[in-house]
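Shown below: coords_2.cif, with mmCIF, C-alpha atoms (C1' of nucleotides) and all ligand atoms.
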```
data_start
loop_
_atom_site.label_atom_id
_atom_site.label_comp_id
_atom_site.auth_asym_id
_atom_site.auth_seq_id
_atom_site.Cartn_x
_atom_site.Cartn_y
_atom_site.Cartn_z
CA MET B 1 -6.83 40.43 -25.12
CA ASP B 2 -10.39 39.54 -24.16
CA ASN B 3 -11.28 37.19 -21.37
CA THR B 4 -12.52 34.32 -23.51
CA GLN B 5 -9.27 34.32 -25.46
CA MET B 6 -7.32 34.11 -22.23
CA ILE B 7 -9.39 31.12 -21.15
CA LYS B 8 -8.76 29.47 -24.51
CA ASP B 9 -5.04 30.10 -24.21
CA GLU B 10 -4.93 28.59 -20.76
CA LEU B 11 -6.65 25.44 -22.00
CA ILE B 12 -4.33 25.17 -24.99
CA LYS B 13 -1.35 25.72 -22.73
CA HIS B 14 -2.43 22.63 -20.81
CA ASN B 15 -2.98 20.59 -24.01
CA ILE B 16 -6.76 20.75 -23.80
CA LYS B 17 -8.80 21.44 -26.90
CA PRO B 18 -10.91 24.52 -26.13
CA SER B 19 -14.42 23.31 -26.84
CA LEU B 20 -17.40 25.48 -25.98
CA ILE B 21 -18.31 23.61 -22.83
CA ARG B 22 -14.74 23.56 -21.57
CA ILE B 23 -14.37 27.27 -22.15
CA LYS B 24 -17.62 28.01 -20.35
CA VAL B 25 -16.75 25.80 -17.38
CA LEU B 26 -13.32 27.33 -16.91
CA GLU B 27 -14.64 30.82 -17.54
CA TYR B 28 -17.18 30.34 -14.79
CA LEU B 29 -14.68 28.87 -12.36
CA LYS B 30 -12.31 31.77 -12.96
CA SER B 31 -15.07 34.33 -12.50
CA THR B 32 -16.44 33.17 -9.15
CA LYS B 33 -15.17 32.88 -5.61
CA GLU B 34 -17.84 30.47 -4.47
CA HIS B 35 -15.96 27.22 -5.21
CA PRO B 36 -18.98 25.56 -6.81
CA ASN B 37 -19.70 21.85 -7.08
CA ALA B 38 -20.50 20.09 -10.36
CA GLU B 39 -24.23 20.53 -9.85
CA LYS B 40 -23.92 24.28 -9.41
CA ILE B 41 -21.76 24.66 -12.50
CA PHE B 42 -24.26 22.57 -14.43
CA LYS B 43 -27.22 24.69 -13.38
CA LYS B 44 -25.38 27.89 -14.18
CA LEU B 45 -24.26 26.84 -17.66
CA SER B 46 -27.54 25.13 -18.52
CA LYS B 47 -29.12 28.55 -18.89
CA ASP B 48 -26.90 29.28 -21.88
CA ILE B 49 -26.56 25.72 -23.19
CA PRO B 50 -29.96 24.02 -22.87
CA THR B 51 -28.73 20.71 -24.31
CA LEU B 52 -25.98 20.49 -21.72
CA SER B 53 -25.46 17.21 -19.86
CA ILE B 54 -24.05 17.03 -16.34
CA THR B 55 -21.75 14.28 -17.57
CA SER B 56 -20.04 16.88 -19.72
CA ILE B 57 -19.42 18.98 -16.64
CA TYR B 58 -17.86 16.03 -14.87
CA ASN B 59 -15.82 15.22 -17.98
CA ALA B 60 -14.45 18.74 -18.20
CA LEU B 61 -13.74 19.01 -14.47
CA LYS B 62 -11.94 15.69 -14.34
CA LEU B 63 -9.88 16.63 -17.36
CA PHE B 64 -8.99 20.00 -15.84
CA VAL B 65 -7.96 18.47 -12.52
CA GLY B 66 -5.83 15.87 -14.28
CA LYS B 67 -4.05 18.53 -16.31
CA GLY B 68 -3.58 20.80 -13.31
CA VAL B 69 -5.82 23.62 -14.52
CA ILE B 70 -8.06 23.64 -11.45
CA LYS B 71 -8.07 22.08 -8.00
CA GLU B 72 -10.48 19.85 -6.15
CA ILE B 73 -11.52 20.86 -2.67
CA MET B 74 -12.97 18.34 -0.24
CA ILE B 75 -13.62 19.57 3.26
CA GLN B 76 -15.74 17.33 5.46
CA GLU B 77 -18.29 16.96 2.74
CA GLU B 78 -19.68 14.28 0.55
CA GLU B 79 -19.23 16.42 -2.52
CA ILE B 80 -16.26 17.81 -4.41
CA ARG B 81 -16.01 21.54 -4.99
CA TYR B 82 -13.77 23.16 -7.56
CA ASP B 83 -11.38 26.10 -7.53
CA GLY B 84 -10.21 27.92 -10.63
CA ALA B 85 -7.70 30.11 -8.81
CA ASN B 86 -4.17 28.89 -9.12
CA GLU B 87 -2.18 30.97 -6.70
CA ARG B 88 -1.28 29.05 -3.57
CA HIS B 89 -3.87 29.72 -0.89
CA ALA B 90 -5.77 28.09 1.96
CA HIS B 91 -9.50 27.65 2.53
CA PHE B 92 -11.89 28.31 5.35
CA LYS B 93 -15.22 26.51 5.49
CA CYS B 94 -18.04 27.83 7.63
CA ILE B 95 -20.05 24.98 9.15
CA LYS B 96 -23.08 27.25 9.57
CA CYS B 97 -23.54 28.65 6.07
CA ASN B 98 -21.33 26.17 4.18
CA LYS B 99 -19.53 29.01 2.42
CA LEU B 100 -15.95 28.43 1.36
CA TYR B 101 -13.63 31.40 1.82
CA ASP B 102 -10.14 31.92 0.44
CA LEU B 103 -7.36 32.57 2.92
CA LYS B 104 -4.04 34.15 2.06
CA LEU B 105 -0.95 32.42 3.35
CA LYS B 106 1.42 34.87 5.00
CA CYS B 107 4.64 33.51 3.68
CA ARG B 108 5.92 31.25 0.93
CA SER B 109 6.76 28.30 3.13
CA CYS B 110 4.98 29.05 6.37
CA LEU B 111 3.86 25.48 6.50
CA GLU B 112 6.86 23.56 7.73
CA VAL B 113 6.66 19.86 8.24
CA THR B 114 9.41 17.44 9.10
CA ASP B 115 9.90 13.96 7.60
CA LEU B 116 9.79 15.36 4.08
CA ASN B 117 13.21 14.31 2.81
CA LYS B 118 13.19 12.17 -0.32
CA VAL B 119 9.48 12.76 -0.79
CA LYS B 120 8.07 14.38 -3.90
CA ILE B 121 5.32 16.89 -3.14
CA LEU B 122 2.83 17.41 -5.95
CA ASP B 123 -0.04 19.15 -4.24
CA GLU B 124 -1.04 20.83 -1.04
CA HIS B 125 -4.37 21.37 0.70
CA ILE B 126 -4.79 23.59 3.72
CA TYR B 127 -8.28 23.68 5.17
CA LEU B 128 -9.63 25.43 8.22
CA VAL B 129 -13.12 24.76 9.48
CA GLY B 130 -15.16 26.95 11.78
CA ILE B 131 -17.72 29.73 11.90
CA CYS B 132 -17.45 32.83 9.73
CA LYS B 133 -17.85 36.43 10.81
CA LYS B 134 -21.36 36.75 9.44
CA CYS B 135 -22.61 33.62 11.16
CA ILE B 136 -21.03 34.59 14.47
CA LYS B 137 -22.78 37.93 14.20
CA LYS B 138 -26.05 36.22 13.37
CA GLU B 139 -25.74 34.09 16.51
CA THR B 140 -24.91 36.97 18.85
CA ASP B 141 -27.71 39.10 17.39
CA LEU B 142 -30.33 36.59 18.46
CA MET W 1 -3.93 1.34 33.99
CA ASP W 2 -4.51 -1.06 31.15
CA ASN W 3 -5.14 0.04 27.60
CA THR W 4 -8.80 -0.94 27.45
CA GLN W 5 -9.50 1.06 30.58
CA MET W 6 -7.85 4.11 29.02
CA ILE W 7 -10.04 3.74 25.93
CA LYS W 8 -13.11 3.49 28.13
CA ASP W 9 -12.10 6.58 30.05
CA GLU W 10 -11.60 8.55 26.86
CA LEU W 11 -15.07 7.61 25.67
CA ILE W 12 -16.65 8.49 29.00
CA LYS W 13 -14.74 11.77 29.04
CA HIS W 14 -16.50 12.60 25.76
CA ASN W 15 -19.92 11.55 27.07
CA ILE W 16 -20.01 8.34 25.07
CA LYS W 17 -21.20 5.14 26.67
CA PRO W 18 -18.36 2.62 26.26
CA SER W 19 -20.08 -0.27 24.52
CA LEU W 20 -18.03 -3.20 23.26
CA ILE W 21 -18.08 -2.11 19.64
CA ARG W 22 -17.18 1.47 20.46
CA ILE W 23 -14.27 0.34 22.61
CA LYS W 24 -13.00 -1.97 19.88
CA VAL W 25 -13.28 0.69 17.17
CA LEU W 26 -11.43 3.32 19.17
CA GLU W 27 -8.89 0.79 20.40
CA TYR W 28 -8.11 -0.14 16.82
CA LEU W 29 -7.89 3.46 15.65
CA LYS W 30 -5.52 4.30 18.49
CA SER W 31 -3.34 1.28 17.76
CA THR W 32 -2.72 1.82 14.06
CA LYS W 33 -1.03 4.40 11.89
CA GLU W 34 -2.75 3.35 8.70
CA HIS W 35 -5.73 5.75 8.89
CA PRO W 36 -8.24 3.06 7.90
CA ASN W 37 -11.61 3.55 6.25
CA ALA W 38 -14.86 2.13 7.62
CA GLU W 39 -14.55 -1.01 5.52
CA LYS W 40 -11.09 -1.79 6.87
CA ILE W 41 -12.17 -1.29 10.46
CA PHE W 42 -15.16 -3.52 9.81
CA LYS W 43 -13.07 -6.33 8.37
CA LYS W 44 -10.60 -6.12 11.22
CA LEU W 45 -13.17 -6.21 14.00
CA SER W 46 -15.35 -8.81 12.29
CA LYS W 47 -12.74 -11.42 13.17
CA ASP W 48 -13.49 -10.95 16.86
CA ILE W 49 -17.17 -10.03 16.57
CA PRO W 50 -18.74 -12.26 13.91
CA THR W 51 -22.19 -10.70 14.27
CA LEU W 52 -20.82 -7.22 13.61
CA SER W 53 -22.64 -4.98 11.17
CA ILE W 54 -20.86 -2.31 9.13
CA THR W 55 -23.62 0.09 10.10
CA SER W 56 -22.37 -0.16 13.67
CA ILE W 57 -18.95 0.92 12.50
CA TYR W 58 -20.42 3.92 10.74
CA ASN W 59 -22.51 4.70 13.80
CA ALA W 60 -19.51 4.63 16.10
CA LEU W 61 -17.31 6.63 13.73
CA LYS W 62 -19.91 9.33 13.21
CA LEU W 63 -20.49 9.57 16.93
CA PHE W 64 -16.76 9.84 17.60
CA VAL W 65 -16.27 12.54 14.98
CA GLY W 66 -19.21 14.52 16.33
CA LYS W 67 -17.81 14.36 19.85
CA GLY W 68 -14.30 15.22 18.74
CA VAL W 69 -12.71 11.89 19.67
CA ILE W 70 -11.31 11.18 16.20
CA LYS W 71 -10.86 13.07 12.94
CA GLU W 72 -12.03 12.47 9.41
CA ILE W 73 -9.47 12.62 6.63
CA MET W 74 -10.52 13.21 3.05
CA ILE W 75 -7.74 13.62 0.53
CA GLN W 76 -8.72 13.43 -3.11
CA GLU W 77 -10.66 10.27 -2.51
CA GLU W 78 -14.19 9.06 -2.62
CA GLU W 79 -13.87 7.54 0.82
CA ILE W 80 -13.38 8.88 4.31
CA ARG W 81 -10.49 7.66 6.38
CA TYR W 82 -10.21 8.00 10.14
CA ASP W 83 -7.47 9.12 12.52
CA GLY W 84 -7.43 8.28 16.20
CA ALA W 85 -4.37 10.43 16.98
CA ASN W 86 -5.23 13.73 18.54
CA GLU W 87 -2.05 15.71 18.54
CA ARG W 88 -2.00 18.36 15.84
CA HIS W 89 -0.28 17.00 12.73
CA ALA W 90 -0.39 17.06 8.96
CA HIS W 91 -0.79 14.23 6.45
CA PHE W 92 0.98 13.09 3.33
CA LYS W 93 -0.80 10.90 0.82
CA CYS W 94 1.18 8.90 -1.73
CA ILE W 95 -0.67 8.74 -5.03
CA LYS W 96 1.18 5.57 -6.00
CA CYS W 97 0.56 3.31 -3.00
CA ASN W 98 -2.32 5.27 -1.42
CA LYS W 99 -0.63 5.15 1.98
CA LEU W 100 -1.34 7.99 4.35
CA TYR W 101 1.65 9.17 6.38
CA ASP W 102 1.69 11.43 9.41
CA LEU W 103 3.79 14.58 9.22
CA LYS W 104 5.02 16.54 12.20
CA LEU W 105 4.49 20.29 12.09
CA LYS W 106 7.67 22.11 13.01
CA CYS W 107 6.13 24.81 15.14
CA ARG W 108 2.93 25.58 16.94
CA SER W 109 1.66 28.20 14.53
CA CYS W 110 3.76 27.66 11.45
CA LEU W 111 0.64 27.90 9.36
CA GLU W 112 -0.10 31.59 9.20
CA VAL W 113 -3.03 32.85 7.25
CA THR W 114 -4.41 36.35 7.04
CA ASP W 115 -8.09 37.35 7.02
CA LEU W 116 -8.76 35.41 10.20
CA ASN W 117 -9.99 38.16 12.49
CA LYS W 118 -13.39 37.59 14.02
CA VAL W 119 -13.50 34.03 12.72
CA LYS W 120 -13.83 31.03 15.03
CA ILE W 121 -11.55 28.17 14.04
CA LEU W 122 -12.78 24.72 15.10
CA ASP W 123 -10.70 22.40 13.02
CA GLU W 124 -7.69 22.27 10.74
CA HIS W 125 -6.65 19.95 7.94
CA ILE W 126 -3.24 20.06 6.31
CA TYR W 127 -2.74 17.62 3.48
CA LEU W 128 0.19 17.13 1.16
CA VAL W 129 -0.06 14.87 -1.85
CA GLY W 130 2.81 13.31 -3.75
CA ILE W 131 5.00 10.26 -4.04
CA CYS W 132 6.56 8.59 -1.02
CA LYS W 133 10.17 7.48 -0.60
CA LYS W 134 9.41 3.84 -1.21
CA CYS W 135 7.50 4.48 -4.43
CA ILE W 136 10.16 6.84 -5.77
CA LYS W 137 12.72 4.12 -5.09
CA LYS W 138 10.53 1.56 -6.83
CA GLU W 139 10.34 3.78 -9.92
CA THR W 140 14.09 4.47 -10.14
CA ASP W 141 14.90 0.78 -9.60
CA LEU W 142 13.07 -0.19 -12.79
"C1'" DT D 1 -36.02 -11.53 40.21
"C1'" DT D 2 -39.35 -9.85 36.90
"C1'" DT D 3 -41.02 -5.82 34.23
"C1'" DT D 4 -40.21 -1.99 31.67
"C1'" DA D 5 -37.98 1.51 29.25
"C1'" DA D 6 -33.90 3.20 26.97
"C1'" DT D 7 -29.98 2.33 24.28
"C1'" DT D 8 -27.38 -0.21 21.00
"C1'" DT D 9 -26.90 -3.16 17.18
"C1'" DT D 10 -28.33 -5.19 13.05
"C1'" DG D 11 -29.68 -5.87 8.10
"C1'" DA D 12 -31.90 -4.38 4.27
"C1'" DA D 13 -33.20 -0.70 1.50
"C1'" DA D 14 -32.52 4.08 0.04
"C1'" DT D 15 -29.62 7.92 -1.20
"C1'" DC D 16 -26.80 10.47 -3.98
"C1'" DA D 17 -22.52 12.12 -6.02
"C1'" DT D 18 -19.76 10.33 -9.40
"C1'" DT D 19 -18.43 7.14 -13.21
"C1'" DA D 20 -18.94 3.92 -17.13
"C1'" DC D 21 -20.44 3.26 -21.41
"C1'" DA D 22 -22.54 3.21 -25.78
"C1'" DA D 23 -25.02 6.08 -28.97
"C1'" DT D 24 -25.18 10.48 -31.12
"C1'" DT D 25 -23.37 14.80 -32.55
"C1'" DT D 26 -19.74 17.87 -33.69
"C1'" DT D 27 -15.23 18.96 -35.49
"C1'" DA D 28 -11.49 18.67 -38.45
"C1'" DA D 29 -8.75 16.42 -41.69
"C1'" DA D 30 -8.31 14.03 -46.26
"C1'" DT K 1 -17.90 15.33 -49.72
"C1'" DT K 2 -16.12 11.41 -47.11
"C1'" DT K 3 -14.12 9.74 -43.26
"C1'" DA K 4 -12.07 9.42 -38.85
"C1'" DA K 5 -11.35 11.36 -34.36
"C1'" DA K 6 -13.01 13.81 -30.54
"C1'" DA K 7 -16.66 15.70 -27.76
"C1'" DT K 8 -21.20 15.46 -25.91
"C1'" DT K 9 -25.23 13.26 -24.33
"C1'" DG K 10 -28.39 10.21 -21.61
"C1'" DT K 11 -28.97 6.26 -19.18
"C1'" DA K 12 -27.48 2.83 -16.26
"C1'" DA K 13 -24.18 1.29 -12.85
"C1'" DT K 14 -21.26 2.02 -8.90
"C1'" DG K 15 -20.20 2.31 -4.23
"C1'" DA K 16 -19.63 4.71 0.06
"C1'" DT K 17 -22.63 6.34 3.37
"C1'" DT K 18 -27.25 6.99 5.53
"C1'" DT K 19 -31.89 5.83 6.85
"C1'" DC K 20 -34.94 3.23 9.23
"C1'" DA K 21 -37.43 -0.18 11.59
"C1'" DA K 22 -36.90 -4.51 13.89
"C1'" DA K 23 -34.20 -7.28 17.12
"C1'" DA K 24 -31.01 -7.60 20.82
"C1'" DT K 25 -28.80 -5.84 24.74
"C1'" DT K 26 -28.39 -3.07 28.80
"C1'" DA K 27 -29.95 -0.53 32.74
"C1'" DA K 28 -33.40 1.01 35.77
"C1'" DA K 29 -37.72 0.37 38.32
"C1'" DA K 30 -40.79 -2.35 40.71
MN MN T 201 -9.96 29.07 -3.36
MN MN T 202 -2.65 11.03 11.25
ZN ZN T 203 -20.99 31.31 7.79
ZN ZN T 204 3.95 5.31 -1.96
#
```
What would you get if you wrote out this structure as structure tokens?
Amino acid sequence: MDNTQMIKDELIKHNIKPSLIRIKVLEYLKSTKEHPNAEKIFKKLSKDIPTLSITSIYNALKLFVGKGVIKEIMIQEEEIRYDGANERHAHFKCIKCNKLYDLKLKCRSCLEVTDLNKVKILDEHIYLVGICKKCIKKETDL
Amino acid sequence: MDNTQMIKDELIKHNIKPSLIRIKVLEYLKSTKEHPNAEKIFKKLSKDIPTLSITSIYNALKLFVGKGVIKEIMIQEEEIRYDGANERHAHFKCIKCNKLYDLKLKCRSCLEVTDLNKVKILDEHIYLVGICKKCIKKETDL
DNA sequence: TTTTAATTTTGAAATCATTACAATTTTAAA
DNA sequence: TTTAAAATTGTAATGATTTCAAAATTAAAA
């Protein structure tokens, strides 16, 4: 099955009608590791769809988040970034280059918190902030 | 030593001149568990300081965050909330009542992620989102 | 104590990501 | 084809935060 069909199926599975824009947005989010913001997605897709409006990007993203297709990421920033990957994982944000890296969690429930009885968990966000390898190297090379 | 003196000392320890507003902001943040936003802090302190400007609140908060006195919390919201507690802990946000609860982490390094060699970690945010006890009870009582 | 400079606070305006909304276009059903 | 529903667009509004310059306060120097 080709990639576009898989994207369509995922949308349908979440009760979302697979319009062109929605397919393109999800396709892009699934294809990249950069965790783009709405602006970046807009600029990328505008090349193919010249009539595109940024409102449509926001519409699609909000719909996706509401239906659980993608996740919002907000780490010490004024803007929301989006993640199309749906395996459980953590994020690392470099304060020098602003890149957002994926981090694998070692075990299924390696995050253990108390006080969680009778509480219904719907979502989880694990963010680390610091300086990435490349930026550390850049600093020491000076 | 009285509480205000402790607040002053903490500010001085972080190279912050302990002005009245700064003392009041930190004092309030240390005294509450509600993780207030700038607006809430402003309203609270305005009662005692009628000439207070909300810009001063933002100034103090930004200064504190930069110096590591307090932490910013951003969970799926358009607004920043602030935390004066400095022991390592996680947060739980109830999507029904918007309350922000503290969660104790069971062990020192119970969050284990791979891919962290050569990376400098400066900060950590662990957020869970869901429905709190009280709101679950409210729903089932209907 | 006065003078002076540095710091803090204030208030109004600007910023900017996101949302609201109504008009237009597209899609799909009848 | 006609008609209704859904999706897309563009513009205006929103609202939290920031900018910035003036005013007030504080601290240091004379
Ligand atoms: Mn990710
Ligand atoms: Mn807390
Ligand atoms: Zn970096
Ligand atoms: Zn609740």
Open item on the list: Given all atoms listed in the file as the basis, pick out the residue of W:Tyr101, W:Phe92, W:Tyr28, W:Tyr127 nearest to Lys43 (chain W).
Closed with: W:Tyr28
Just give me the residues with any atom within 7 Å of (-7.0, 5.8, 16.9), file coordinates, counting only C-alpha atoms (C1' of nucleotides), written as a CSV table (one decimal) with C-alpha atoms, in the frame of the given file.
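point04.csv, freshly written:
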```csv
chain,number,residue,atom,x,y,z
W,26,LEU,CA,-11.4,3.3,19.2
W,27,GLU,CA,-8.9,0.8,20.4
W,28,TYR,CA,-8.1,-0.1,16.8
W,29,LEU,CA,-7.9,3.5,15.6
W,30,LYS,CA,-5.5,4.3,18.5
W,31,SER,CA,-3.3,1.3,17.8
W,32,THR,CA,-2.7,1.8,14.1
W,70,ILE,CA,-11.3,11.2,16.2
W,83,ASP,CA,-7.5,9.1,12.5
W,84,GLY,CA,-7.4,8.3,16.2
W,85,ALA,CA,-4.4,10.4,17.0
```
Open item on the list: Just want the 10 Å neighbourhood of DC21 (chain D), counted on only C-alpha atoms (C1' of nucleotides), with same-chain residues fewer than 4 positions away dropped. Output as a list in words.
Closed with: DT11, DA12 and DA13 of chain K
TODO: Dump as a ChimeraX atom specification the residues of chain B that approach chain D to within 10 Å, counting all atoms listed in the file.
DONE: /B:19,38-39,55,58-59,78-80
Open item on the list: With 9 Å as the limit and counting all atoms listed in the file, what residues in chain W lie close to chain B? Please list them as a ChimeraX atom specification.
Closed with: /W:72-80,89-90,92,102-107,109-134,136
Contact check, chain K to chain B, at most 10 Å, counting all atoms listed in the file, closest pairs as a tab-separated table:
```
residue	atom	partner	partner_atom	distance
K:DA6	C1'	B:Lys17	CA	9.4
K:DA7	C1'	B:Ser19	CA	8.0
K:DT8	C1'	B:Ser56	CA	6.5
K:DT9	C1'	B:Ser53	CA	6.0
K:DG10	C1'	B:Ser53	CA	7.8
K:DA16	C1'	B:Glu78	CA	9.6
K:DT17	C1'	B:Glu78	CA	8.9
```
Take the residues from that selection and put them in a file with C-alpha atoms (C1' of nucleotides), as a compact mmCIF listing (two decimals), in the frame of the given file.
```
# COMPACT_ATOMS: atom_id res chain seq x y z
C1' DA K 6 -13.01 13.81 -30.54
C1' DA K 7 -16.66 15.70 -27.76
C1' DT K 8 -21.20 15.46 -25.91
C1' DT K 9 -25.23 13.26 -24.33
C1' DG K 10 -28.39 10.21 -21.61
C1' DA K 16 -19.63 4.71 0.06
C1' DT K 17 -22.63 6.34 3.37
```
Open item on the list: Between B:Lys138, B:Lys24, B:His14, B:Arg81, which residue has the minimum interatomic distance to Lys47 (chain B), considering all atoms listed in the file?
Closed with: B:Lys24
Open item on the list: Report, in Å with one decimal, the straight-line distance from CA of Pro36 (chain B) to atom MN of ligand MN 201 (chain T).
Closed with: 10.3 Å
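Computed from the coordinates, the CA of Phe64 (chain B) to CA of Lys44 (chain B) distance equals 18.3 Å.
Counting from C1' of DT26 (chain K), the distance to CA of Pro18 (chain W) is 11.8 Å.
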